[in-house]
Amino acid sequence: MAASDPSAASAVPLASVTRRVVVGQMLFTAGHALSSGGFLYYFANEFHPSAALFSLLQVAPEVAETAGLFVRPLLSILGGRKRLWITLLIVARIAALGVPAMAFPALRPAGVDPFWVIIASVALWYACQGLSFVAYLSWLSDLAPERQWGRFFAARQMSTIAVNLVVPVVASYARAHWRETFSDEAELWSFVAAFLVGGVLAVTSIVPLLLLPSVPTRSAERSLPSFGMLRRAVADRSFRFVLAQSWWLSCAQGLSQAALFKFQVNALQIPLHIYYAMTSVMLLLQLPLSAWAGRLSDRYGDRRPLFVSLLAVSGAMLFVIAATPDRWWLMFGAYATWGLFGIVNVCSQNLALRLAPASDNTVHFSLFRQIGGLLAGIAGLCGGLWLDRLLQDSTQIDVAGWELDSFQIVFVVSLLGRATAPLWLLGVRKRHTDASAMRR
């Protein structure tokens, strides 16, 4: 890879870069919200999959995104991070069209369960999107000085939250009205319309960033192969502990992924619009907390705010464990506590980037994010299989006089994993995360 011209990024004022990134992120988030999350899962649930098969769909994005590990060797082929981001984002949205196609029997392959087609489409979609995102974030890290990463990436995070506060809720209520007003066939078109509009918006997110410079990767070890960078990442003590924290938390959260969705939809019978209302509570709290996290990150570093917020956010599972069909509203307490992910998401990403080599950071960041997603996916699949077995046997256990049902057993184990995850950060040396130690 060619050496970078430091003036290429500095020639564009940070305020201008931030505005373009925020606008692009808002467009992408709006598009992604209309074709993922609740919309995708509620649509897929219409095919009545088992908990294990449904968990396979849930883990497919996270497993597929591990393709992000191969960004570094692809850069020489596609000509840089910006071009790789653009190319693979477009390919990803084309692959996503396989999901709404299954709404129509005429488009379903003969002899193939349409649910498997949905899983395959989602896997290809997220494999390309995972590659695209790693290249995108690495590129952004060169467009902003490290001493201002906190506020810069917090602005991006806040734009994501702001859009997620509005688009999914409005779209879910519009779909509910559509469902009550029109025929079942017309209802299928509500999914198709959402996916098509979502795809167009996601691709349009490229436009605001087209004029930003394509900064080549800066690296003193350009000739070092990606496997060598992998070994270098694992050999770094502080980065190793950050990976351990991320991977531990991913496993704990993934374990309860299928159980949480099935619990809310099947046990508590929470409809889609209430699901998005609870999500809105979470996002409303994440908005100011993300801004605060950006200031904390730039001023004090990331380790301490990340430790405290991770410990506090694990308490959300207490609300989930206590929720029943008669007390379903306790789930609002869980979603409110998950608002602390506004701090977690900003500080965890920044901590990983600060510990990675400057500019040539795709391997390090992929280990942090994509492998964490893979482990969450594997844990999610195991959690789905475990939940199926527990429900099949109507398993209940007694803990100090408190009888736990099948869902609560999974939630308690997940709680223990979430609460112990921040302890790994104690192995991160403080000098790596202080604001005074930042490189530029």
# chains A, B, ... in the order shown; residues from 1 in each chain; ligands from 1
call {"tool": "select_by_dssp", "arguments": {"residues": "segment 176-414 of chain A", "states": "strand (DSSP E or B)", "output": "PyMOL selection string"}}
result
chain A and resi 397-399+402-404
call {"tool": "write_last_selection", "arguments": {"atoms": "C-alpha atoms", "output": "compact mmCIF listing (two decimals), in the first residue's frame"}}
result
# COMPACT_ATOMS: atom_id res chain seq x y z
CA ILE A 397 -35.07 -25.24 38.87
CA ASP A 398 -35.26 -23.94 42.42
CA VAL A 399 -32.71 -21.34 43.52
CA TRP A 402 -37.16 -18.97 43.78
CA GLU A 403 -38.36 -21.18 40.97
CA LEU A 404 -36.79 -20.36 37.61
call {"tool": "closest_atom_pairs", "arguments": {"of": "segment 217-311 of chain A", "to": "segment 369-392 of chain A", "cutoff": "9 Å", "atoms": "only C-alpha atoms", "output": "Markdown table"}}
result
| residue | atom | partner | partner_atom | distance |
| --- | --- | --- | --- | --- |
| A:Leu243 | CA | A:Gly372 | CA | 8.0 |
| A:Ser246 | CA | A:Gly372 | CA | 6.2 |
| A:Trp247 | CA | A:Gly372 | CA | 4.8 |
| A:Trp248 | CA | A:Gly372 | CA | 8.3 |
| A:Leu249 | CA | A:Gly372 | CA | 8.3 |
| A:Ser250 | CA | A:Ala376 | CA | 4.7 |
| A:Cys251 | CA | A:Ala376 | CA | 4.8 |
| A:Ala252 | CA | A:Ala379 | CA | 7.5 |
| A:Gln253 | CA | A:Ala376 | CA | 6.7 |
| A:Gly254 | CA | A:Ala376 | CA | 4.2 |
| A:Leu255 | CA | A:Gly383 | CA | 4.5 |
| A:Ser256 | CA | A:Gly383 | CA | 6.1 |
| A:Gln257 | CA | A:Gly380 | CA | 5.7 |
| A:Ala258 | CA | A:Gly384 | CA | 5.5 |
| A:Ala259 | CA | A:Leu387 | CA | 6.7 |
call {"tool": "select_by_dssp", "arguments": {"residues": "segment 71-143 of chain A", "states": "alpha helix (DSSP H)", "output": "ChimeraX atom specification"}}
result
/A:71-78,81-96,98-101,114-143
call {"tool": "closest_residue", "arguments": {"among": "A:Ile77, A:Ala144, A:Ala162, A:Leu209", "to": "Arg20 of chain A", "atoms": "only C-alpha atoms"}}
result
A:Leu209
call {"tool": "residues_around", "arguments": {"residues": "Leu367 of chain A", "least_positions_apart": "2", "cutoff": "12 Å", "atoms": "only C-alpha atoms", "output": "PyMOL selection string"}}
result
chain A and resi 65-71+134+226-227+229-234+239-240+242-244+246-247+349+352-353+356+361-365+369-375
call {"tool": "closest_atom_pairs", "arguments": {"of": "segment 156-217 of chain A", "to": "segment 109-133 of chain A", "cutoff": "12 Å", "atoms": "only C-alpha atoms", "output": "JSON lines"}}
result
{"residue": "A:Gly199", "atom": "CA", "partner": "A:Trp125", "partner_atom": "CA", "distance": 11.2}
{"residue": "A:Ala202", "atom": "CA", "partner": "A:Gln129", "partner_atom": "CA", "distance": 10.9}
{"residue": "A:Val203", "atom": "CA", "partner": "A:Gln129", "partner_atom": "CA", "distance": 11.5}
{"residue": "A:Ile206", "atom": "CA", "partner": "A:Ser132", "partner_atom": "CA", "distance": 11.5}
call {"tool": "closest_residue", "arguments": {"among": "A:Asn45, A:Gln58, A:Ser172, A:Ser16", "to": "Ala277 of chain A", "atoms": "only C-alpha atoms"}}
result
A:Ser172
call {"tool": "closest_residue", "arguments": {"among": "A:Gln148, A:Ser214, A:Thr337, A:Thr324", "to": "Ala312 of chain A", "atoms": "only C-alpha atoms"}}
result
A:Thr337
call {"tool": "closest_residue", "arguments": {"among": "A:Leu416, A:Leu27, A:Val17, A:Ala95", "to": "Val207 of chain A", "atoms": "only C-alpha atoms"}}
result
A:Leu27
call {"tool": "atom_distance", "arguments": {"atom1": "atom CA of Gly339 of chain A", "atom2": "atom CA of Leu140 of chain A"}}
result
25.2 Å
call {"tool": "closest_residue", "arguments": {"among": "A:Gly301, A:Gly31, A:Pro13, A:Pro100", "to": "Val346 of chain A", "atoms": "only C-alpha atoms"}}
result
A:Gly301
call {"tool": "closest_residue", "arguments": {"among": "A:Ser190, A:Ser406, A:Ser394, A:Asn164", "to": "Ser280 of chain A", "atoms": "only C-alpha atoms"}}
result
A:Asn164
call {"tool": "atom_distance", "arguments": {"atom1": "atom CA of Arg81 of chain A", "atom2": "atom CA of Thr217 of chain A"}}
result
8.0 Å
call {"tool": "atom_distance", "arguments": {"atom1": "atom CA of Leu340 of chain A", "atom2": "atom CA of Ala30 of chain A"}}
result
22.0 Å
